[in-house]
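Report on the structure given below.
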Amino acid sequence: MSKPSPTSHSLGRRETLRLMASEPMGRVIVSEGALPAVHVVPFALDRECVVFRTPPDSPLAKAALGTVVAFQTDHIDPTAHTGWTGTITGHASRIEDPTTLTRLNHLLPTPHDPHQTWFRITSELVTGHTLHPHPEAAHRRLPP
């Protein structure tokens with residue numbers, strides 16, 4: 001017998017961004033050669049935008065620059081079947097303003113590599129969901 005799937009409830013924009021800001025790592029989803037590609041990055045939220053660093057000649061930098069991308073992070077407890085997930089969809093751009101770069105270097109506590117470039121993803125669309133165990137799961141017994 002299969003386990004019932006967890007149930008999901010939508011979160012508002014503000015709550016989704018709050019939860020996303022609590023995680024240190026996320027996934028940037030881009031199109032590479034007309035196929036979806038996922039890149040794991042350390043990130044921060046800066047004024048409701050995702051910011052991250054990547055080498056300027058990396059596949060991520062090449063695919064993201066000037067395009068619409070998605071960013072996703074979550075916190076899931078697989079044992080309890082609880083947690084949340086959040087997704088931001090927006091335009092990716094390189095950050096070049098020196099004042100902004102100085103501020104961002106203090107915002108994201110990862111080692112600064114002068115060979116990396118900062119990127120921003122605008123938060124044009126923000127969706128989030130909480131996950132809860134399916135009600136039937138509480139009444140079922142696990143096999144010995």
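Labels for the structure tokens follow display order: chains A, B, ..., residues from 1 in each chain, ligands from 1.
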
Need to verify the contact set: Thr54 in chain A, 12 Å, only C-alpha atoms, exclusion of same-chain residues closer than 6 positions in sequence. Can you return it as JSON, numbers by chain? {"A": [28, 39, 40, 41, 42, 43, 60, 61, 62, 63, 64, 65, 94, 95, 110, 112, 113, 114, 115, 116, 117, 118, 119, 120]}

Set the distance at 12 Å and use only C-alpha atoms: which residues neighbour Pro24 in chain A once local chain neighbours fewer than 4 positions away are removed? I'd like the list as a short mmCIF file (atom, residue, chain, number, x, y, z; two decimals) with all heavy atoms, in the first residue's frame.
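Output file result30.cif is given in full below:
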```
data_model
loop_
_atom_site.label_atom_id
_atom_site.label_comp_id
_atom_site.auth_asym_id
_atom_site.auth_seq_id
_atom_site.Cartn_x
_atom_site.Cartn_y
_atom_site.Cartn_z
N LEU A 19 10.23 33.05 4.89
CA LEU A 19 10.74 31.68 5.02
C LEU A 19 11.96 31.46 4.11
O LEU A 19 12.95 30.86 4.53
CB LEU A 19 9.64 30.67 4.69
CG LEU A 19 8.54 30.56 5.73
CD1 LEU A 19 7.37 29.75 5.18
CD2 LEU A 19 9.07 29.95 7.03
N MET A 20 11.89 31.94 2.88
CA MET A 20 13.00 31.77 1.96
C MET A 20 14.28 32.43 2.49
O MET A 20 15.38 31.89 2.33
CB MET A 20 12.65 32.30 0.57
CG MET A 20 11.57 31.48 -0.13
SD MET A 20 11.12 32.13 -1.75
CE MET A 20 12.46 31.46 -2.73
N VAL A 40 22.68 24.88 -7.83
CA VAL A 40 22.58 25.15 -6.40
C VAL A 40 23.56 26.28 -6.06
O VAL A 40 24.73 26.23 -6.46
CB VAL A 40 22.89 23.89 -5.58
CG1 VAL A 40 22.88 24.21 -4.09
CG2 VAL A 40 21.90 22.79 -5.91
N VAL A 41 23.06 27.29 -5.34
CA VAL A 41 23.88 28.45 -4.99
C VAL A 41 23.60 28.90 -3.56
O VAL A 41 22.47 28.80 -3.09
CB VAL A 41 23.63 29.64 -5.94
CG1 VAL A 41 24.03 29.33 -7.36
CG2 VAL A 41 22.19 30.11 -5.88
N PRO A 42 24.63 29.43 -2.87
CA PRO A 42 24.35 30.19 -1.66
C PRO A 42 23.71 31.51 -2.10
O PRO A 42 24.06 32.05 -3.15
CB PRO A 42 25.72 30.43 -1.03
CG PRO A 42 26.73 29.93 -1.98
CD PRO A 42 26.04 29.31 -3.15
N PHE A 43 22.78 32.01 -1.33
CA PHE A 43 22.06 33.22 -1.74
C PHE A 43 21.66 34.04 -0.54
O PHE A 43 21.76 33.61 0.61
CB PHE A 43 20.80 32.85 -2.54
CG PHE A 43 19.65 32.42 -1.66
CD1 PHE A 43 18.63 33.31 -1.34
CD2 PHE A 43 19.61 31.15 -1.11
CE1 PHE A 43 17.58 32.92 -0.52
CE2 PHE A 43 18.57 30.76 -0.30
CZ PHE A 43 17.55 31.64 0.00
N ALA A 44 21.16 35.22 -0.82
CA ALA A 44 20.52 36.06 0.20
C ALA A 44 19.36 36.76 -0.49
O ALA A 44 19.30 36.84 -1.72
CB ALA A 44 21.50 37.09 0.75
N LEU A 45 18.44 37.26 0.31
CA LEU A 45 17.38 38.12 -0.22
C LEU A 45 17.77 39.56 0.08
O LEU A 45 18.17 39.89 1.20
CB LEU A 45 16.02 37.80 0.41
CG LEU A 45 15.33 36.56 -0.11
CD1 LEU A 45 13.97 36.39 0.56
CD2 LEU A 45 15.17 36.58 -1.61
N VAL A 50 16.48 38.01 -5.09
CA VAL A 50 17.50 37.01 -4.80
C VAL A 50 18.83 37.54 -5.32
O VAL A 50 18.90 38.05 -6.44
CB VAL A 50 17.17 35.67 -5.50
CG1 VAL A 50 18.30 34.67 -5.34
CG2 VAL A 50 15.86 35.10 -4.97
N VAL A 51 19.88 37.42 -4.51
CA VAL A 51 21.22 37.78 -4.97
C VAL A 51 22.14 36.59 -4.72
O VAL A 51 22.03 35.89 -3.72
CB VAL A 51 21.76 39.05 -4.29
CG1 VAL A 51 20.98 40.28 -4.74
CG2 VAL A 51 21.76 38.94 -2.77
N PHE A 52 23.06 36.36 -5.67
CA PHE A 52 24.02 35.26 -5.55
C PHE A 52 25.24 35.58 -6.40
O PHE A 52 25.20 36.46 -7.26
CB PHE A 52 23.38 33.93 -5.99
CG PHE A 52 22.99 33.87 -7.44
CD1 PHE A 52 23.86 33.35 -8.40
CD2 PHE A 52 21.76 34.35 -7.86
CE1 PHE A 52 23.51 33.30 -9.73
CE2 PHE A 52 21.40 34.30 -9.20
CZ PHE A 52 22.27 33.78 -10.14
N GLN A 72 14.29 28.61 -6.35
CA GLN A 72 13.48 27.82 -5.42
C GLN A 72 14.32 27.39 -4.23
O GLN A 72 15.51 27.07 -4.37
CB GLN A 72 12.93 26.59 -6.15
CG GLN A 72 11.80 25.88 -5.45
CD GLN A 72 12.28 24.74 -4.57
OE1 GLN A 72 13.32 24.16 -4.78
NE2 GLN A 72 11.50 24.44 -3.57
N THR A 73 13.73 27.45 -3.07
CA THR A 73 14.33 26.89 -1.86
C THR A 73 13.22 26.34 -0.99
O THR A 73 12.03 26.62 -1.20
CB THR A 73 15.20 27.93 -1.12
OG1 THR A 73 15.99 27.26 -0.13
CG2 THR A 73 14.36 29.01 -0.47
N ASP A 74 13.60 25.51 -0.05
CA ASP A 74 12.59 24.86 0.80
C ASP A 74 13.21 24.36 2.08
O ASP A 74 14.43 24.41 2.25
CB ASP A 74 11.94 23.69 0.05
CG ASP A 74 12.95 22.71 -0.50
OD1 ASP A 74 13.85 22.27 0.23
OD2 ASP A 74 12.86 22.40 -1.70
N HIS A 75 12.37 23.90 2.95
CA HIS A 75 12.79 23.22 4.18
C HIS A 75 11.77 22.11 4.41
O HIS A 75 10.60 22.40 4.70
CB HIS A 75 12.84 24.18 5.36
CG HIS A 75 13.41 23.54 6.57
ND1 HIS A 75 14.76 23.43 6.77
CD2 HIS A 75 12.81 22.95 7.63
CE1 HIS A 75 14.97 22.79 7.92
NE2 HIS A 75 13.80 22.50 8.45
N LEU A 107 26.46 41.24 2.97
CA LEU A 107 25.17 40.58 3.15
C LEU A 107 25.26 39.06 3.08
O LEU A 107 24.65 38.35 3.87
CB LEU A 107 24.18 41.09 2.10
CG LEU A 107 22.77 40.52 2.13
CD1 LEU A 107 22.07 40.91 3.42
CD2 LEU A 107 21.97 41.02 0.94
N LEU A 108 26.02 38.55 2.13
CA LEU A 108 26.12 37.10 1.92
C LEU A 108 27.41 36.61 2.55
O LEU A 108 28.50 36.91 2.07
CB LEU A 108 26.08 36.79 0.43
CG LEU A 108 25.90 35.32 0.05
CD1 LEU A 108 24.61 34.76 0.62
CD2 LEU A 108 25.90 35.16 -1.45
N PRO A 109 27.30 35.83 3.62
CA PRO A 109 28.49 35.45 4.38
C PRO A 109 29.29 34.29 3.78
O PRO A 109 29.78 33.43 4.49
CB PRO A 109 27.91 35.06 5.74
CG PRO A 109 26.56 34.54 5.42
CD PRO A 109 26.09 35.35 4.24
N THR A 110 29.44 34.26 2.48
CA THR A 110 30.29 33.24 1.86
C THR A 110 31.61 33.91 1.49
O THR A 110 31.66 35.12 1.31
CB THR A 110 29.63 32.65 0.59
OG1 THR A 110 29.36 33.72 -0.30
CG2 THR A 110 28.36 31.91 0.93
#
```

The residue from A:Ala92, A:Ile76, A:Leu35, A:Cys49 with the smallest atom-to-atom distance to His132 in chain A, counting only C-alpha atoms, is A:Ile76

In Å to one decimal, how far is CA of Trp84 in chain A from CA of Ala70 in chain A? 16.7 Å

Given only C-alpha atoms as the counted atoms, nearest of A:Leu17, A:Ser22, A:Asp46, A:Pro36 to Thr100 in chain A: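 Selected residue with least distance to Thr100 in chain A: A:Asp46.
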
For Thr16 in chain A, which residue out of A:Pro78, A:Gly128, A:Pro133, A:Gly66 is the nearest one, using only C-alpha atoms?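 Looking at the shortest contact to Thr16 in chain A, the residue is A:Gly128.
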
Would you compute the distance between CA of Thr67 in chain A and CA of Asn105 in chain A? Give it in Å to one decimal. 23.8 Å

Point-to-point distance from CA of His91 in chain A to CA of His106 in chain A, Å rounded to tenths: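 Straight-line distance from CA of His91 in chain A to CA of His106 in chain A works out to 23.3 Å.
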